[in-house]
$ cat upload_30.cif   # mmCIF, N, CA and C atoms
data_model
loop_
_atom_site.label_atom_id
_atom_site.label_comp_id
_atom_site.auth_asym_id
_atom_site.auth_seq_id
_atom_site.Cartn_x
_atom_site.Cartn_y
_atom_site.Cartn_z
N MET A 1 17.32 -9.45 13.85
CA MET A 1 16.73 -8.31 13.20
C MET A 1 16.50 -7.21 14.24
N LYS A 2 16.87 -6.00 13.90
CA LYS A 2 16.73 -4.86 14.81
C LYS A 2 15.42 -4.11 14.50
N LYS A 3 14.56 -3.97 15.50
CA LYS A 3 13.30 -3.26 15.32
C LYS A 3 13.57 -1.77 15.15
N ILE A 4 12.99 -1.18 14.11
CA ILE A 4 13.13 0.24 13.82
C ILE A 4 11.94 1.03 14.34
N TYR A 5 10.75 0.43 14.25
CA TYR A 5 9.54 1.14 14.62
C TYR A 5 8.44 0.13 14.93
N SER A 6 7.55 0.51 15.80
CA SER A 6 6.40 -0.32 16.12
C SER A 6 5.23 0.61 16.43
N THR A 7 4.04 0.18 16.07
CA THR A 7 2.85 0.98 16.36
C THR A 7 1.70 0.04 16.69
N THR A 8 0.68 0.59 17.30
CA THR A 8 -0.50 -0.19 17.65
C THR A 8 -1.74 0.55 17.19
N ILE A 9 -2.63 -0.16 16.53
CA ILE A 9 -3.93 0.37 16.14
C ILE A 9 -4.97 -0.61 16.66
N ILE A 10 -6.03 -0.07 17.21
CA ILE A 10 -7.09 -0.88 17.82
C ILE A 10 -8.35 -0.75 16.97
N ASN A 11 -9.07 -1.85 16.79
CA ASN A 11 -10.35 -1.83 16.11
C ASN A 11 -11.43 -2.27 17.07
N THR A 12 -12.53 -1.56 17.05
CA THR A 12 -13.75 -2.01 17.72
C THR A 12 -14.85 -2.01 16.68
N GLY A 13 -15.68 -3.01 16.66
CA GLY A 13 -16.82 -3.03 15.75
C GLY A 13 -16.55 -3.58 14.37
N GLY A 14 -15.36 -4.14 14.12
CA GLY A 14 -15.08 -4.71 12.80
C GLY A 14 -15.18 -3.68 11.69
N ARG A 15 -15.81 -4.08 10.57
CA ARG A 15 -15.93 -3.18 9.43
C ARG A 15 -16.96 -2.07 9.64
N GLU A 16 -17.72 -2.15 10.66
CA GLU A 16 -18.70 -1.09 10.96
C GLU A 16 -18.36 -0.48 12.31
N GLY A 17 -17.11 -0.15 12.49
CA GLY A 17 -16.66 0.35 13.78
C GLY A 17 -15.68 1.49 13.67
N GLU A 18 -14.59 1.35 14.40
CA GLU A 18 -13.59 2.41 14.49
C GLU A 18 -12.20 1.79 14.59
N VAL A 19 -11.21 2.48 14.03
CA VAL A 19 -9.81 2.14 14.23
C VAL A 19 -9.14 3.35 14.85
N TYR A 20 -8.28 3.10 15.85
CA TYR A 20 -7.64 4.24 16.51
C TYR A 20 -6.36 3.79 17.21
N SER A 21 -5.48 4.75 17.41
CA SER A 21 -4.27 4.50 18.18
C SER A 21 -4.58 4.73 19.65
N PRO A 22 -3.82 4.12 20.54
CA PRO A 22 -4.09 4.30 21.97
C PRO A 22 -4.12 5.76 22.42
N ASP A 23 -3.30 6.61 21.79
CA ASP A 23 -3.29 8.03 22.17
C ASP A 23 -4.30 8.86 21.37
N LYS A 24 -5.06 8.20 20.49
CA LYS A 24 -6.09 8.83 19.65
C LYS A 24 -5.54 9.83 18.62
N SER A 25 -4.22 9.80 18.35
CA SER A 25 -3.68 10.67 17.30
C SER A 25 -4.09 10.16 15.92
N PHE A 26 -4.49 8.90 15.82
CA PHE A 26 -4.99 8.28 14.60
C PHE A 26 -6.36 7.72 14.94
N SER A 27 -7.39 8.20 14.23
CA SER A 27 -8.74 7.72 14.55
C SER A 27 -9.63 7.86 13.32
N TYR A 28 -10.21 6.75 12.89
CA TYR A 28 -11.12 6.75 11.74
C TYR A 28 -12.30 5.84 12.02
N GLU A 29 -13.46 6.26 11.56
CA GLU A 29 -14.61 5.36 11.53
C GLU A 29 -14.47 4.54 10.27
N VAL A 30 -14.76 3.25 10.37
CA VAL A 30 -14.63 2.36 9.22
C VAL A 30 -15.98 1.78 8.85
N THR A 31 -16.07 1.38 7.59
CA THR A 31 -17.28 0.78 7.06
C THR A 31 -16.90 -0.22 5.99
N SER A 32 -17.83 -1.00 5.55
CA SER A 32 -17.58 -1.94 4.46
C SER A 32 -17.44 -1.19 3.15
N PRO A 33 -16.70 -1.78 2.18
CA PRO A 33 -16.61 -1.15 0.87
C PRO A 33 -18.00 -1.05 0.23
N GLY A 34 -18.16 -0.10 -0.61
CA GLY A 34 -19.43 0.09 -1.29
C GLY A 34 -19.68 1.57 -1.47
N PRO A 35 -20.93 1.96 -1.44
CA PRO A 35 -21.23 3.38 -1.62
C PRO A 35 -20.52 4.22 -0.56
N HIS A 36 -20.04 5.37 -1.00
CA HIS A 36 -19.31 6.27 -0.11
C HIS A 36 -20.18 6.68 1.08
N LYS A 37 -19.62 6.57 2.24
CA LYS A 37 -20.27 7.04 3.46
C LYS A 37 -19.40 8.15 4.02
N GLU A 38 -19.97 9.32 4.15
CA GLU A 38 -19.20 10.50 4.55
C GLU A 38 -18.44 10.28 5.86
N ASN A 39 -17.17 10.72 5.85
CA ASN A 39 -16.28 10.66 7.00
C ASN A 39 -15.98 9.24 7.48
N LYS A 40 -16.10 8.27 6.58
CA LYS A 40 -15.75 6.88 6.91
C LYS A 40 -14.81 6.35 5.83
N THR A 41 -13.96 5.44 6.23
CA THR A 41 -13.05 4.77 5.31
C THR A 41 -13.27 3.27 5.44
N ASN A 42 -12.52 2.49 4.67
CA ASN A 42 -12.62 1.04 4.82
C ASN A 42 -11.22 0.44 4.85
N PRO A 43 -11.10 -0.80 5.29
CA PRO A 43 -9.78 -1.41 5.41
C PRO A 43 -8.99 -1.42 4.09
N GLU A 44 -9.69 -1.58 2.97
CA GLU A 44 -9.00 -1.61 1.69
C GLU A 44 -8.37 -0.25 1.38
N GLN A 45 -9.07 0.85 1.71
CA GLN A 45 -8.49 2.18 1.50
C GLN A 45 -7.29 2.39 2.41
N LEU A 46 -7.38 1.94 3.64
CA LEU A 46 -6.25 2.09 4.56
C LEU A 46 -5.05 1.28 4.08
N PHE A 47 -5.29 0.08 3.58
CA PHE A 47 -4.20 -0.75 3.06
C PHE A 47 -3.58 -0.09 1.82
N ALA A 48 -4.42 0.46 0.94
CA ALA A 48 -3.91 1.14 -0.26
C ALA A 48 -3.05 2.34 0.13
N ALA A 49 -3.49 3.08 1.12
CA ALA A 49 -2.71 4.24 1.59
C ALA A 49 -1.36 3.79 2.14
N ALA A 50 -1.38 2.74 2.96
CA ALA A 50 -0.15 2.26 3.57
C ALA A 50 0.81 1.68 2.53
N TYR A 51 0.29 0.85 1.63
CA TYR A 51 1.15 0.20 0.64
C TYR A 51 1.74 1.23 -0.32
N SER A 52 0.92 2.17 -0.82
CA SER A 52 1.45 3.16 -1.76
C SER A 52 2.51 4.03 -1.11
N SER A 53 2.32 4.39 0.15
CA SER A 53 3.31 5.21 0.87
C SER A 53 4.61 4.45 1.08
N CYS A 54 4.50 3.21 1.52
CA CYS A 54 5.68 2.40 1.77
C CYS A 54 6.43 2.13 0.46
N PHE A 55 5.69 1.78 -0.59
CA PHE A 55 6.33 1.46 -1.87
C PHE A 55 7.04 2.69 -2.42
N ASN A 56 6.40 3.86 -2.32
CA ASN A 56 7.03 5.07 -2.85
C ASN A 56 8.29 5.42 -2.05
N SER A 57 8.29 5.17 -0.76
CA SER A 57 9.50 5.40 0.04
C SER A 57 10.62 4.45 -0.39
N ALA A 58 10.28 3.19 -0.64
CA ALA A 58 11.27 2.23 -1.13
C ALA A 58 11.81 2.67 -2.49
N LEU A 59 10.92 3.15 -3.34
CA LEU A 59 11.32 3.63 -4.66
C LEU A 59 12.25 4.84 -4.54
N GLU A 60 11.93 5.76 -3.66
CA GLU A 60 12.79 6.93 -3.45
C GLU A 60 14.17 6.51 -2.94
N LEU A 61 14.22 5.51 -2.08
CA LEU A 61 15.49 4.98 -1.59
C LEU A 61 16.32 4.42 -2.75
N VAL A 62 15.67 3.60 -3.59
CA VAL A 62 16.35 2.99 -4.73
C VAL A 62 16.83 4.07 -5.70
N MET A 63 15.99 5.06 -5.97
CA MET A 63 16.38 6.14 -6.89
C MET A 63 17.56 6.92 -6.30
N GLY A 64 17.52 7.20 -5.01
CA GLY A 64 18.61 7.93 -4.36
C GLY A 64 19.93 7.18 -4.46
N GLN A 65 19.88 5.85 -4.33
CA GLN A 65 21.09 5.03 -4.46
C GLN A 65 21.69 5.12 -5.86
N LYS A 66 20.84 5.43 -6.84
CA LYS A 66 21.30 5.56 -8.23
C LYS A 66 21.45 7.03 -8.63
N ASN A 67 21.38 7.91 -7.63
CA ASN A 67 21.53 9.36 -7.83
C ASN A 67 20.48 9.92 -8.80
N ILE A 68 19.26 9.37 -8.73
CA ILE A 68 18.14 9.86 -9.52
C ILE A 68 17.22 10.61 -8.56
N HIS A 69 16.95 11.87 -8.87
CA HIS A 69 16.17 12.71 -7.96
C HIS A 69 14.91 13.22 -8.65
N SER A 70 14.14 12.30 -9.19
CA SER A 70 12.89 12.63 -9.88
C SER A 70 11.71 12.44 -8.95
N LYS A 71 10.61 13.10 -9.28
CA LYS A 71 9.38 12.93 -8.50
C LYS A 71 8.73 11.61 -8.91
N SER A 72 8.27 10.87 -7.90
CA SER A 72 7.57 9.61 -8.19
C SER A 72 6.19 9.65 -7.54
N THR A 73 5.27 8.99 -8.21
CA THR A 73 3.89 8.87 -7.72
C THR A 73 3.50 7.40 -7.78
N VAL A 74 2.93 6.90 -6.69
CA VAL A 74 2.48 5.51 -6.65
C VAL A 74 0.99 5.50 -6.32
N LYS A 75 0.23 4.91 -7.21
CA LYS A 75 -1.22 4.75 -7.00
C LYS A 75 -1.47 3.27 -6.72
N ALA A 76 -2.02 2.98 -5.55
CA ALA A 76 -2.34 1.59 -5.19
C ALA A 76 -3.84 1.39 -5.33
N THR A 77 -4.23 0.42 -6.12
CA THR A 77 -5.62 0.04 -6.25
C THR A 77 -5.78 -1.32 -5.58
N VAL A 78 -6.51 -1.34 -4.48
CA VAL A 78 -6.73 -2.56 -3.72
C VAL A 78 -8.15 -3.05 -4.01
N SER A 79 -8.26 -4.29 -4.40
CA SER A 79 -9.55 -4.89 -4.70
C SER A 79 -9.84 -6.02 -3.73
N LEU A 80 -11.09 -6.14 -3.37
CA LEU A 80 -11.56 -7.23 -2.52
C LEU A 80 -12.32 -8.19 -3.41
N PHE A 81 -11.92 -9.45 -3.40
CA PHE A 81 -12.53 -10.47 -4.24
C PHE A 81 -13.24 -11.50 -3.38
N SER A 82 -14.30 -12.05 -3.91
CA SER A 82 -14.99 -13.17 -3.28
C SER A 82 -14.40 -14.44 -3.87
N ASP A 83 -14.03 -15.37 -3.01
CA ASP A 83 -13.42 -16.62 -3.43
C ASP A 83 -14.22 -17.76 -2.80
N GLU A 84 -14.84 -18.61 -3.64
CA GLU A 84 -15.71 -19.67 -3.13
C GLU A 84 -14.98 -20.64 -2.20
N GLU A 85 -13.68 -20.84 -2.43
CA GLU A 85 -12.93 -21.80 -1.62
C GLU A 85 -12.47 -21.21 -0.28
N THR A 86 -11.98 -19.96 -0.30
CA THR A 86 -11.38 -19.40 0.91
C THR A 86 -12.15 -18.22 1.49
N GLY A 87 -13.22 -17.83 0.87
CA GLY A 87 -14.02 -16.70 1.37
C GLY A 87 -13.71 -15.41 0.65
N PHE A 88 -12.66 -14.72 1.08
CA PHE A 88 -12.32 -13.44 0.47
C PHE A 88 -10.83 -13.39 0.19
N GLN A 89 -10.46 -12.57 -0.77
CA GLN A 89 -9.07 -12.40 -1.18
C GLN A 89 -8.86 -10.94 -1.56
N VAL A 90 -7.67 -10.44 -1.29
CA VAL A 90 -7.30 -9.07 -1.66
C VAL A 90 -6.29 -9.13 -2.79
N GLY A 91 -6.37 -8.20 -3.72
CA GLY A 91 -5.39 -8.05 -4.79
C GLY A 91 -5.01 -6.59 -4.92
N VAL A 92 -3.79 -6.34 -5.38
CA VAL A 92 -3.28 -4.98 -5.48
C VAL A 92 -2.69 -4.73 -6.86
N VAL A 93 -2.95 -3.55 -7.39
CA VAL A 93 -2.26 -3.06 -8.59
C VAL A 93 -1.55 -1.78 -8.17
N LEU A 94 -0.23 -1.76 -8.35
CA LEU A 94 0.55 -0.56 -8.08
C LEU A 94 0.91 0.08 -9.41
N SER A 95 0.39 1.29 -9.63
CA SER A 95 0.69 2.05 -10.85
C SER A 95 1.70 3.12 -10.47
N VAL A 96 2.85 3.10 -11.11
CA VAL A 96 3.95 3.96 -10.72
C VAL A 96 4.33 4.89 -11.87
N LYS A 97 4.52 6.15 -11.52
CA LYS A 97 4.98 7.15 -12.49
C LYS A 97 6.21 7.82 -11.91
N ILE A 98 7.28 7.87 -12.72
CA ILE A 98 8.50 8.56 -12.32
C ILE A 98 8.78 9.61 -13.38
N ASP A 99 8.80 10.87 -12.96
CA ASP A 99 9.04 11.98 -13.89
C ASP A 99 10.48 11.95 -14.42
N ASP A 100 10.62 12.33 -15.67
CA ASP A 100 11.93 12.55 -16.29
C ASP A 100 12.84 11.33 -16.30
N VAL A 101 12.26 10.13 -16.37
CA VAL A 101 13.03 8.89 -16.44
C VAL A 101 12.45 8.06 -17.58
N ASP A 102 13.32 7.49 -18.42
CA ASP A 102 12.82 6.68 -19.53
C ASP A 102 12.14 5.41 -18.99
N HIS A 103 11.31 4.82 -19.83
CA HIS A 103 10.48 3.69 -19.41
C HIS A 103 11.31 2.50 -18.91
N ALA A 104 12.35 2.15 -19.62
CA ALA A 104 13.18 1.00 -19.23
C ALA A 104 13.82 1.22 -17.86
N THR A 105 14.30 2.41 -17.62
CA THR A 105 14.89 2.73 -16.31
C THR A 105 13.83 2.70 -15.23
N ALA A 106 12.65 3.24 -15.54
CA ALA A 106 11.55 3.24 -14.57
C ALA A 106 11.16 1.81 -14.20
N VAL A 107 11.08 0.93 -15.17
CA VAL A 107 10.73 -0.48 -14.91
C VAL A 107 11.78 -1.11 -13.99
N GLU A 108 13.05 -0.85 -14.26
CA GLU A 108 14.13 -1.39 -13.43
C GLU A 108 14.02 -0.86 -12.00
N LEU A 109 13.77 0.43 -11.84
CA LEU A 109 13.64 1.03 -10.51
C LEU A 109 12.46 0.45 -9.75
N VAL A 110 11.33 0.30 -10.43
CA VAL A 110 10.12 -0.24 -9.81
C VAL A 110 10.33 -1.69 -9.38
N ASN A 111 10.95 -2.49 -10.23
CA ASN A 111 11.21 -3.88 -9.88
C ASN A 111 12.15 -3.99 -8.68
N THR A 112 13.14 -3.12 -8.63
CA THR A 112 14.07 -3.13 -7.49
C THR A 112 13.34 -2.68 -6.22
N ALA A 113 12.52 -1.65 -6.32
CA ALA A 113 11.75 -1.18 -5.16
C ALA A 113 10.83 -2.28 -4.64
N HIS A 114 10.30 -3.09 -5.54
CA HIS A 114 9.42 -4.20 -5.15
C HIS A 114 10.18 -5.24 -4.31
N GLN A 115 11.47 -5.36 -4.53
CA GLN A 115 12.30 -6.27 -3.74
C GLN A 115 12.66 -5.67 -2.38
N VAL A 116 12.62 -4.33 -2.27
CA VAL A 116 13.03 -3.61 -1.06
C VAL A 116 11.85 -3.33 -0.13
N CYS A 117 10.69 -3.02 -0.69
CA CYS A 117 9.52 -2.58 0.08
C CYS A 117 9.05 -3.65 1.07
N PRO A 118 8.94 -3.29 2.36
CA PRO A 118 8.45 -4.26 3.35
C PRO A 118 7.04 -4.78 3.06
N TYR A 119 6.17 -3.95 2.49
CA TYR A 119 4.82 -4.43 2.16
C TYR A 119 4.88 -5.42 1.01
N SER A 120 5.75 -5.20 0.04
CA SER A 120 5.90 -6.16 -1.06
C SER A 120 6.43 -7.48 -0.54
N LYS A 121 7.37 -7.40 0.40
CA LYS A 121 7.90 -8.63 1.00
C LYS A 121 6.81 -9.36 1.77
N ALA A 122 5.98 -8.62 2.50
CA ALA A 122 4.93 -9.23 3.32
C ALA A 122 3.84 -9.88 2.48
N THR A 123 3.56 -9.33 1.31
CA THR A 123 2.48 -9.85 0.48
C THR A 123 2.95 -10.91 -0.51
N LYS A 124 4.27 -11.04 -0.70
CA LYS A 124 4.82 -11.96 -1.70
C LYS A 124 4.32 -13.38 -1.46
N GLY A 125 3.69 -13.93 -2.48
CA GLY A 125 3.18 -15.30 -2.40
C GLY A 125 1.86 -15.42 -1.66
N ASN A 126 1.36 -14.32 -1.12
CA ASN A 126 0.11 -14.35 -0.36
C ASN A 126 -1.07 -13.76 -1.14
N ILE A 127 -0.81 -12.68 -1.86
CA ILE A 127 -1.85 -12.03 -2.65
C ILE A 127 -1.26 -11.63 -4.00
N SER A 128 -2.13 -11.35 -4.93
CA SER A 128 -1.69 -10.88 -6.24
C SER A 128 -1.28 -9.41 -6.14
N VAL A 129 -0.05 -9.11 -6.55
CA VAL A 129 0.43 -7.72 -6.64
C VAL A 129 0.94 -7.52 -8.05
N GLU A 130 0.28 -6.63 -8.77
CA GLU A 130 0.63 -6.34 -10.16
C GLU A 130 1.30 -4.98 -10.21
N LEU A 131 2.41 -4.87 -10.94
CA LEU A 131 3.14 -3.62 -11.10
C LEU A 131 2.87 -3.05 -12.48
N GLU A 132 2.51 -1.78 -12.53
CA GLU A 132 2.33 -1.07 -13.79
C GLU A 132 3.24 0.15 -13.77
N VAL A 133 3.98 0.37 -14.85
CA VAL A 133 4.84 1.55 -14.94
C VAL A 133 4.27 2.44 -16.03
N GLU A 134 3.90 3.65 -15.65
CA GLU A 134 3.32 4.60 -16.60
C GLU A 134 4.40 5.27 -17.41
#

$ encode --input "upload_30.cif" --output "structure tokens"
Amino acid sequence: MKKIYSTTIINTGGREGEVYSPDKSFSYEVTSPGPHKENKTNPEQLFAAAYSSCFNSALELVMGQKNIHSKSTVKATVSLFSDEETGFQVGVVLSVKIDDVDHATAVELVNTAHQVCPYSKATKGNISVELEVE
């Protein structure tokens, strides 16, 4: 396998700390999920941002291969669950909207993108990922 890209993010302080890149071009204060704390994010929001971006890029690739040039929007809802056996579990719902494409075609495109997306591949069999096509 040929590496295309690699990055490093550092965390100090866990959920009540900071995440940053070594060059500080990426830097956020993090907190636990719950009531909004100004200028802070949480790991679930960061994961939702990353997954929705990656999935939408995979979807755009799939659409381009089929010569479909519609606007797509991917909303990732990441939930943190308490699990008595294993502690905590994450689940994702990806809600996808593709402009100017019929529902059956949109479902086919989304399912294909789910096979292409690196985040979908990484989470397969590990967490619940639900696909919704608007």

$ resolve_selection --input "upload_30.cif" --expression "the PyMOL selection byres ((chain A and resi 99) around 6)" --output "ChimeraX atom specification"
/A:70-72,97-98,100-101

$ closest_residue --input "upload_30.cif" --among "A:Glu29, A:Glu60, A:Glu44, A:Glu16" --to "A:Ala113" --atoms "all atoms listed in the file"
A:Glu60

$ closest_residue --input "upload_30.cif" --among "A:Tyr20, A:Asn111, A:Ser95, A:Ser79" --to "A:Gly34" --atoms "only C-alpha atoms"
A:Ser79

$ residues_around --input "upload_30.cif" --residues "A:Asp23" --least-positions-apart "4" --cutoff "12 Å" --atoms "only C-alpha atoms" --output "PDB file with N, CA and C atoms, in the coordinates of the input"
ATOM      1  N   THR A   7       4.040   0.180  16.070  1.00  0.00           N
ATOM      2  CA  THR A   7       2.850   0.980  16.360  1.00  0.00           C
ATOM      3  C   THR A   7       1.700   0.040  16.690  1.00  0.00           C
ATOM      4  N   THR A   8       0.680   0.590  17.300  1.00  0.00           N
ATOM      5  CA  THR A   8      -0.500  -0.190  17.650  1.00  0.00           C
ATOM      6  C   THR A   8      -1.740   0.550  17.190  1.00  0.00           C
ATOM      7  N   ILE A   9      -2.630  -0.160  16.530  1.00  0.00           N
ATOM      8  CA  ILE A   9      -3.930   0.370  16.140  1.00  0.00           C
ATOM      9  C   ILE A   9      -4.970  -0.610  16.660  1.00  0.00           C
ATOM     10  N   ILE A  10      -6.030  -0.070  17.210  1.00  0.00           N
ATOM     11  CA  ILE A  10      -7.090  -0.880  17.820  1.00  0.00           C
ATOM     12  C   ILE A  10      -8.350  -0.750  16.970  1.00  0.00           C
ATOM     13  N   VAL A  19     -11.210   2.480  14.030  1.00  0.00           N
ATOM     14  CA  VAL A  19      -9.810   2.140  14.230  1.00  0.00           C
ATOM     15  C   VAL A  19      -9.140   3.350  14.850  1.00  0.00           C
ATOM     16  N   SER A  27      -7.390   8.200  14.230  1.00  0.00           N
ATOM     17  CA  SER A  27      -8.740   7.720  14.550  1.00  0.00           C
ATOM     18  C   SER A  27      -9.630   7.860  13.320  1.00  0.00           C
TER      19      SER A  27
END

$ residues_around --input "upload_30.cif" --residues "stretch 51-58 of chain A" --least-positions-apart "5" --cutoff "8 Å" --atoms "all atoms listed in the file" --output "number ranges by chain"
A: 45-46, 63-64, 72-77, 94, 109, 112-114, 116-120

$ atom_distance --input "upload_30.cif" --atom1 "atom CA of A:Thr31" --atom2 "atom N of A:Gly17"
5.5 Å

$ atom_distance --input "upload_30.cif" --atom1 "atom CA of A:Phe47" --atom2 "atom CA of A:Leu80"
11.3 Å

$ residues_around --input "upload_30.cif" --residues "A:Arg15" --least-positions-apart "4" --cutoff "8 Å" --atoms "only C-alpha atoms" --output "tab-separated table (two decimals) with N, CA and C atoms, keeping the file's coordinate frame"
chain	number	residue	atom	x	y	z
A	30	VAL	N	-14.76	3.25	10.37
A	30	VAL	CA	-14.63	2.36	9.22
A	30	VAL	C	-15.98	1.78	8.85
A	31	THR	N	-16.07	1.38	7.59
A	31	THR	CA	-17.28	0.78	7.06
A	31	THR	C	-16.90	-0.22	5.99
A	32	SER	N	-17.83	-1.00	5.55
A	32	SER	CA	-17.58	-1.94	4.46
A	32	SER	C	-17.44	-1.19	3.15
A	42	ASN	N	-12.52	2.49	4.67
A	42	ASN	CA	-12.62	1.04	4.82
A	42	ASN	C	-11.22	0.44	4.85
A	43	PRO	N	-11.10	-0.80	5.29
A	43	PRO	CA	-9.78	-1.41	5.41
A	43	PRO	C	-8.99	-1.42	4.09

$ decode --input "upload_30.cif" --residues "stretch 52-75 of chain A" --atoms "C-alpha atoms" --output "PDB file, in the first residue's frame"
ATOM      1  CA  SER A  52     -18.680  13.813   6.994  1.00  0.00           C
ATOM      2  CA  SER A  53     -15.838  15.444   5.037  1.00  0.00           C
ATOM      3  CA  CYS A  54     -14.256  12.145   4.066  1.00  0.00           C
ATOM      4  CA  PHE A  55     -17.590  10.548   3.131  1.00  0.00           C
ATOM      5  CA  ASN A  56     -18.614  13.526   1.003  1.00  0.00           C
ATOM      6  CA  SER A  57     -15.276  13.384  -0.835  1.00  0.00           C
ATOM      7  CA  ALA A  58     -15.814   9.670  -1.516  1.00  0.00           C
ATOM      8  CA  LEU A  59     -19.331  10.467  -2.727  1.00  0.00           C
ATOM      9  CA  GLU A  60     -18.030  13.199  -5.052  1.00  0.00           C
ATOM     10  CA  LEU A  61     -15.500  10.721  -6.458  1.00  0.00           C
ATOM     11  CA  VAL A  62     -18.237   8.140  -7.101  1.00  0.00           C
ATOM     12  CA  MET A  63     -20.522  10.757  -8.677  1.00  0.00           C
ATOM     13  CA  GLY A  64     -17.684  12.001 -10.890  1.00  0.00           C
ATOM     14  CA  GLN A  65     -17.040   8.451 -12.122  1.00  0.00           C
ATOM     15  CA  LYS A  66     -20.699   8.345 -13.202  1.00  0.00           C
ATOM     16  CA  ASN A  67     -20.498  11.854 -14.721  1.00  0.00           C
ATOM     17  CA  ILE A  68     -22.927  13.249 -12.121  1.00  0.00           C
ATOM     18  CA  HIS A  69     -22.030  16.785 -11.076  1.00  0.00           C
ATOM     19  CA  SER A  70     -24.625  17.569  -8.407  1.00  0.00           C
ATOM     20  CA  LYS A  71     -24.086  19.242  -5.057  1.00  0.00           C
ATOM     21  CA  SER A  72     -23.977  16.821  -2.137  1.00  0.00           C
ATOM     22  CA  THR A  73     -24.295  17.451   1.575  1.00  0.00           C
ATOM     23  CA  VAL A  74     -23.356  14.963   4.288  1.00  0.00           C
ATOM     24  CA  LYS A  75     -24.470  15.471   7.873  1.00  0.00           C
TER      25      LYS A  75
END
